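Here is the file coords37.json (JSON, C-alpha atoms).
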```
[["chain", "number", "residue", "atom", "x", "y", "z"],
["A", 1, "MET", "CA", 16.36, -6.34, -9.28],
["A", 2, "VAL", "CA", 13.91, -6.69, -6.41],
["A", 3, "LYS", "CA", 10.26, -5.87, -7.06],
["A", 4, "ILE", "CA", 7.86, -5.08, -4.27],
["A", 5, "ARG", "CA", 4.17, -5.48, -5.03],
["A", 6, "ALA", "CA", 1.18, -4.93, -2.80],
["A", 7, "LYS", "CA", -0.85, -7.88, -1.59],
["A", 8, "THR", "CA", -4.12, -6.41, -2.84],
["A", 9, "ASN", "CA", -6.57, -7.76, -0.30],
["A", 10, "ALA", "CA", -4.20, -7.25, 2.64],
["A", 11, "ILE", "CA", -3.64, -3.57, 1.87],
["A", 12, "ILE", "CA", -7.35, -2.91, 1.34],
["A", 13, "ARG", "CA", -8.31, -4.76, 4.55],
["A", 14, "ALA", "CA", -5.67, -2.92, 6.59],
["A", 15, "ARG", "CA", -6.71, 0.46, 5.17],
["A", 16, "ILE", "CA", -10.41, -0.17, 5.86],
["A", 17, "ALA", "CA", -9.63, -1.47, 9.36],
["A", 18, "LYS", "CA", -7.98, 1.90, 10.05],
["A", 19, "GLY", "CA", -11.14, 3.65, 8.75],
["A", 20, "MET", "CA", -9.26, 5.17, 5.83],
["A", 21, "THR", "CA", -10.25, 5.77, 2.23],
["A", 22, "GLN", "CA", -7.74, 5.59, -0.62],
["A", 23, "ARG", "CA", -7.69, 9.39, -0.55],
["A", 24, "ASP", "CA", -6.92, 9.42, 3.20],
["A", 25, "LEU", "CA", -4.02, 7.03, 2.64],
["A", 26, "ALA", "CA", -2.77, 9.14, -0.27],
["A", 27, "VAL", "CA", -2.82, 12.36, 1.77],
["A", 28, "GLN", "CA", -1.15, 10.80, 4.81],
["A", 29, "THR", "CA", 1.62, 9.14, 2.77],
["A", 30, "GLY", "CA", 2.16, 12.08, 0.42],
["A", 31, "LEU", "CA", 1.35, 9.87, -2.58],
["A", 32, "SER", "CA", -1.26, 10.52, -5.24],
["A", 33, "TYR", "CA", -4.71, 8.97, -5.06],
["A", 34, "ALA", "CA", -4.12, 7.45, -8.51],
["A", 35, "TYR", "CA", -0.88, 5.83, -7.30],
["A", 36, "ILE", "CA", -2.64, 4.32, -4.25],
["A", 37, "SER", "CA", -5.32, 2.93, -6.56],
["A", 38, "LEU", "CA", -2.71, 1.33, -8.86],
["A", 39, "LEU", "CA", -0.76, 0.04, -5.88],
["A", 40, "GLU", "CA", -3.82, -1.60, -4.32],
["A", 41, "ARG", "CA", -4.51, -3.42, -7.58],
["A", 42, "SER", "CA", -0.86, -4.55, -7.82],
["A", 43, "VAL", "CA", -0.56, -2.78, -11.16],
["A", 44, "LYS", "CA", 2.42, -0.74, -10.02],
["A", 45, "PRO", "CA", 5.44, -1.95, -8.04],
["A", 46, "VAL", "CA", 6.43, 0.11, -5.02],
["A", 47, "GLY", "CA", 9.80, 1.21, -3.69],
["A", 48, "PRO", "CA", 11.08, 0.04, -0.30],
["A", 49, "GLY", "CA", 10.72, 3.48, 1.30],
["A", 50, "THR", "CA", 7.12, 3.80, 0.16],
["A", 51, "ALA", "CA", 6.31, 0.25, 1.29],
["A", 52, "LYS", "CA", 7.74, 1.06, 4.73],
["A", 53, "LYS", "CA", 5.79, 4.32, 4.95],
["A", 54, "ILE", "CA", 2.51, 2.55, 4.10],
["A", 55, "SER", "CA", 3.26, -0.33, 6.48],
["A", 56, "ASP", "CA", 4.02, 2.08, 9.32],
["A", 57, "LEU", "CA", 0.90, 4.13, 8.68],
["A", 58, "LEU", "CA", -1.33, 1.05, 8.52],
["A", 59, "GLU", "CA", 0.52, -0.46, 11.51],
["A", 60, "GLN", "CA", 1.17, -3.75, 9.70],
["A", 61, "PRO", "CA", 4.45, -5.60, 9.03],
["A", 62, "MET", "CA", 5.75, -5.08, 5.48],
["A", 63, "ASP", "CA", 5.61, -8.80, 4.69],
["A", 64, "GLU", "CA", 1.88, -8.83, 5.56],
["A", 65, "LEU", "CA", 1.11, -6.10, 3.02],
["A", 66, "PHE", "CA", 3.73, -6.59, 0.32],
["A", 67, "LEU", "CA", 5.17, -9.41, -1.77],
["A", 68, "ILE", "CA", 8.89, -9.10, -2.41],
["A", 69, "GLU", "CA", 9.83, -10.73, -5.72]]
```
Before we go any further, please render this structure as C-alpha cells.
Amino acid sequence: MVKIRAKTNAIIRARIAKGMTQRDLAVQTGLSYAYISLLERSVKPVGPGTAKKISDLLEQPMDELFLIE
C-alpha cells in the first residue's frame, strides 16, 4: 500500500509563502485545522486526493510537498 506523507518544511514554507495560516489552509481545503497540524508534522499520512488539493492550492508540484512511500 502506498503512503503519502508531507515533507514538513516544504509544506510550511509553501503555506507561509502564500501568506496562509494553518487555519486558512484548513478552511480552503475543507480539512480540519487539527488535521493540517498533524499533516504538517508528518504524523498523519494523506490520501492522494487531499495531497493534490493541497498541492493545487499552494501552487506546488505534489512531489515537492509530499513523499510517496
Using Å and a single decimal, report how far atom CA of A:Gln60 sits from atom CA of A:Ala14.
7.6 Å
What is the distance between atom CA of A:Asp24 and atom CA of A:Ser55, in Å to one decimal?
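About the pair atom CA of A:Asp24 and atom CA of A:Ser55: they are 14.5 Å apart.
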For atom CA of A:Lys3 and atom CA of A:Pro61, the interatomic separation in Å (one decimal):
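Result for atom CA of A:Lys3 versus atom CA of A:Pro61: 17.1 Å, one decimal.
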Measuring atom to atom with only C-alpha atoms, identify which of A:Ile11, A:Met62, A:Val2, A:Leu25 is nearest to A:Pro45.
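So, comparing all the options, the nearest one is A:Val2.
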With all atoms listed in the file as the atoms that count, which of A:Leu67, A:Ala6, A:Ile54, A:Val27 lies nearest to A:Glu40?
A:Ala6
Nearest candidate to A:Pro48 (options A:Ile68, A:Asn9, A:Thr21, A:Gln28; using all atoms listed in the file):
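Looking at the shortest contact to A:Pro48, the residue is A:Ile68.
With only C-alpha atoms as the basis for measurement, A:Gly30 is the residue among A:Met1, A:Lys18, A:Arg13, A:Gly30 that approaches A:Thr50 most closely.
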From A:Ala17, A:Lys44, A:Glu64, A:Ser32, residue lying nearest A:Arg5 [only C-alpha atoms]:
A:Lys44
For A:Ile36, work out the shell of residues within 9 Å, counting all atoms listed in the file and skipping chain neighbours fewer than 6 positions away, then give it as JSON, numbers by chain.
{"A": [22, 23, 25, 26]}
Output as a PDB file, keeping the file's coordinate frame: stretch 29-40 of chain A, completed with N, CA, C and O atoms.
```pdb
ATOM      1  N   THR A  29       0.318   9.651   3.229  1.00  0.00           N
ATOM      2  CA  THR A  29       1.620   9.140   2.770  1.00  0.00           C
ATOM      3  C   THR A  29       2.305  10.106   1.820  1.00  0.00           C
ATOM      4  O   THR A  29       3.469   9.918   1.488  1.00  0.00           O
ATOM      5  N   GLY A  30       1.579  11.127   1.372  1.00  0.00           N
ATOM      6  CA  GLY A  30       2.160  12.080   0.420  1.00  0.00           C
ATOM      7  C   GLY A  30       2.180  11.540  -0.999  1.00  0.00           C
ATOM      8  O   GLY A  30       2.858  12.071  -1.867  1.00  0.00           O
ATOM      9  N   LEU A  31       1.423  10.466  -1.244  1.00  0.00           N
ATOM     10  CA  LEU A  31       1.350   9.870  -2.580  1.00  0.00           C
ATOM     11  C   LEU A  31       0.064  10.315  -3.251  1.00  0.00           C
ATOM     12  O   LEU A  31      -0.853  10.795  -2.584  1.00  0.00           O
ATOM     13  N   SER A  32      -0.032  10.135  -4.547  1.00  0.00           N
ATOM     14  CA  SER A  32      -1.260  10.520  -5.240  1.00  0.00           C
ATOM     15  C   SER A  32      -2.333   9.450  -5.063  1.00  0.00           C
ATOM     16  O   SER A  32      -2.032   8.268  -4.867  1.00  0.00           O
ATOM     17  N   TYR A  33      -3.570   9.889  -5.137  1.00  0.00           N
ATOM     18  CA  TYR A  33      -4.710   8.970  -5.060  1.00  0.00           C
ATOM     19  C   TYR A  33      -4.613   7.931  -6.171  1.00  0.00           C
ATOM     20  O   TYR A  33      -4.835   6.742  -5.943  1.00  0.00           O
ATOM     21  N   ALA A  34      -4.234   8.370  -7.370  1.00  0.00           N
ATOM     22  CA  ALA A  34      -4.120   7.450  -8.510  1.00  0.00           C
ATOM     23  C   ALA A  34      -3.061   6.377  -8.237  1.00  0.00           C
ATOM     24  O   ALA A  34      -3.251   5.202  -8.558  1.00  0.00           O
ATOM     25  N   TYR A  35      -1.959   6.782  -7.621  1.00  0.00           N
ATOM     26  CA  TYR A  35      -0.880   5.830  -7.300  1.00  0.00           C
ATOM     27  C   TYR A  35      -1.367   4.801  -6.284  1.00  0.00           C
ATOM     28  O   TYR A  35      -1.107   3.610  -6.436  1.00  0.00           O
ATOM     29  N   ILE A  36      -2.090   5.245  -5.261  1.00  0.00           N
ATOM     30  CA  ILE A  36      -2.640   4.320  -4.250  1.00  0.00           C
ATOM     31  C   ILE A  36      -3.572   3.319  -4.925  1.00  0.00           C
ATOM     32  O   ILE A  36      -3.535   2.124  -4.646  1.00  0.00           O
ATOM     33  N   SER A  37      -4.393   3.804  -5.841  1.00  0.00           N
ATOM     34  CA  SER A  37      -5.320   2.930  -6.560  1.00  0.00           C
ATOM     35  C   SER A  37      -4.559   1.865  -7.352  1.00  0.00           C
ATOM     36  O   SER A  37      -4.890   0.684  -7.297  1.00  0.00           O
ATOM     37  N   LEU A  38      -3.521   2.275  -8.076  1.00  0.00           N
ATOM     38  CA  LEU A  38      -2.710   1.330  -8.860  1.00  0.00           C
ATOM     39  C   LEU A  38      -1.987   0.347  -7.937  1.00  0.00           C
ATOM     40  O   LEU A  38      -1.906  -0.847  -8.217  1.00  0.00           O
ATOM     41  N   LEU A  39      -1.487   0.858  -6.837  1.00  0.00           N
ATOM     42  CA  LEU A  39      -0.760   0.040  -5.880  1.00  0.00           C
ATOM     43  C   LEU A  39      -1.671  -1.038  -5.295  1.00  0.00           C
ATOM     44  O   LEU A  39      -1.292  -2.199  -5.209  1.00  0.00           O
ATOM     45  N   GLU A  40      -2.885  -0.642  -4.917  1.00  0.00           N
ATOM     46  CA  GLU A  40      -3.820  -1.600  -4.320  1.00  0.00           C
ATOM     47  C   GLU A  40      -4.226  -2.696  -5.294  1.00  0.00           C
ATOM     48  O   GLU A  40      -4.587  -3.781  -4.883  1.00  0.00           O
TER      49      GLU A  40
END
```
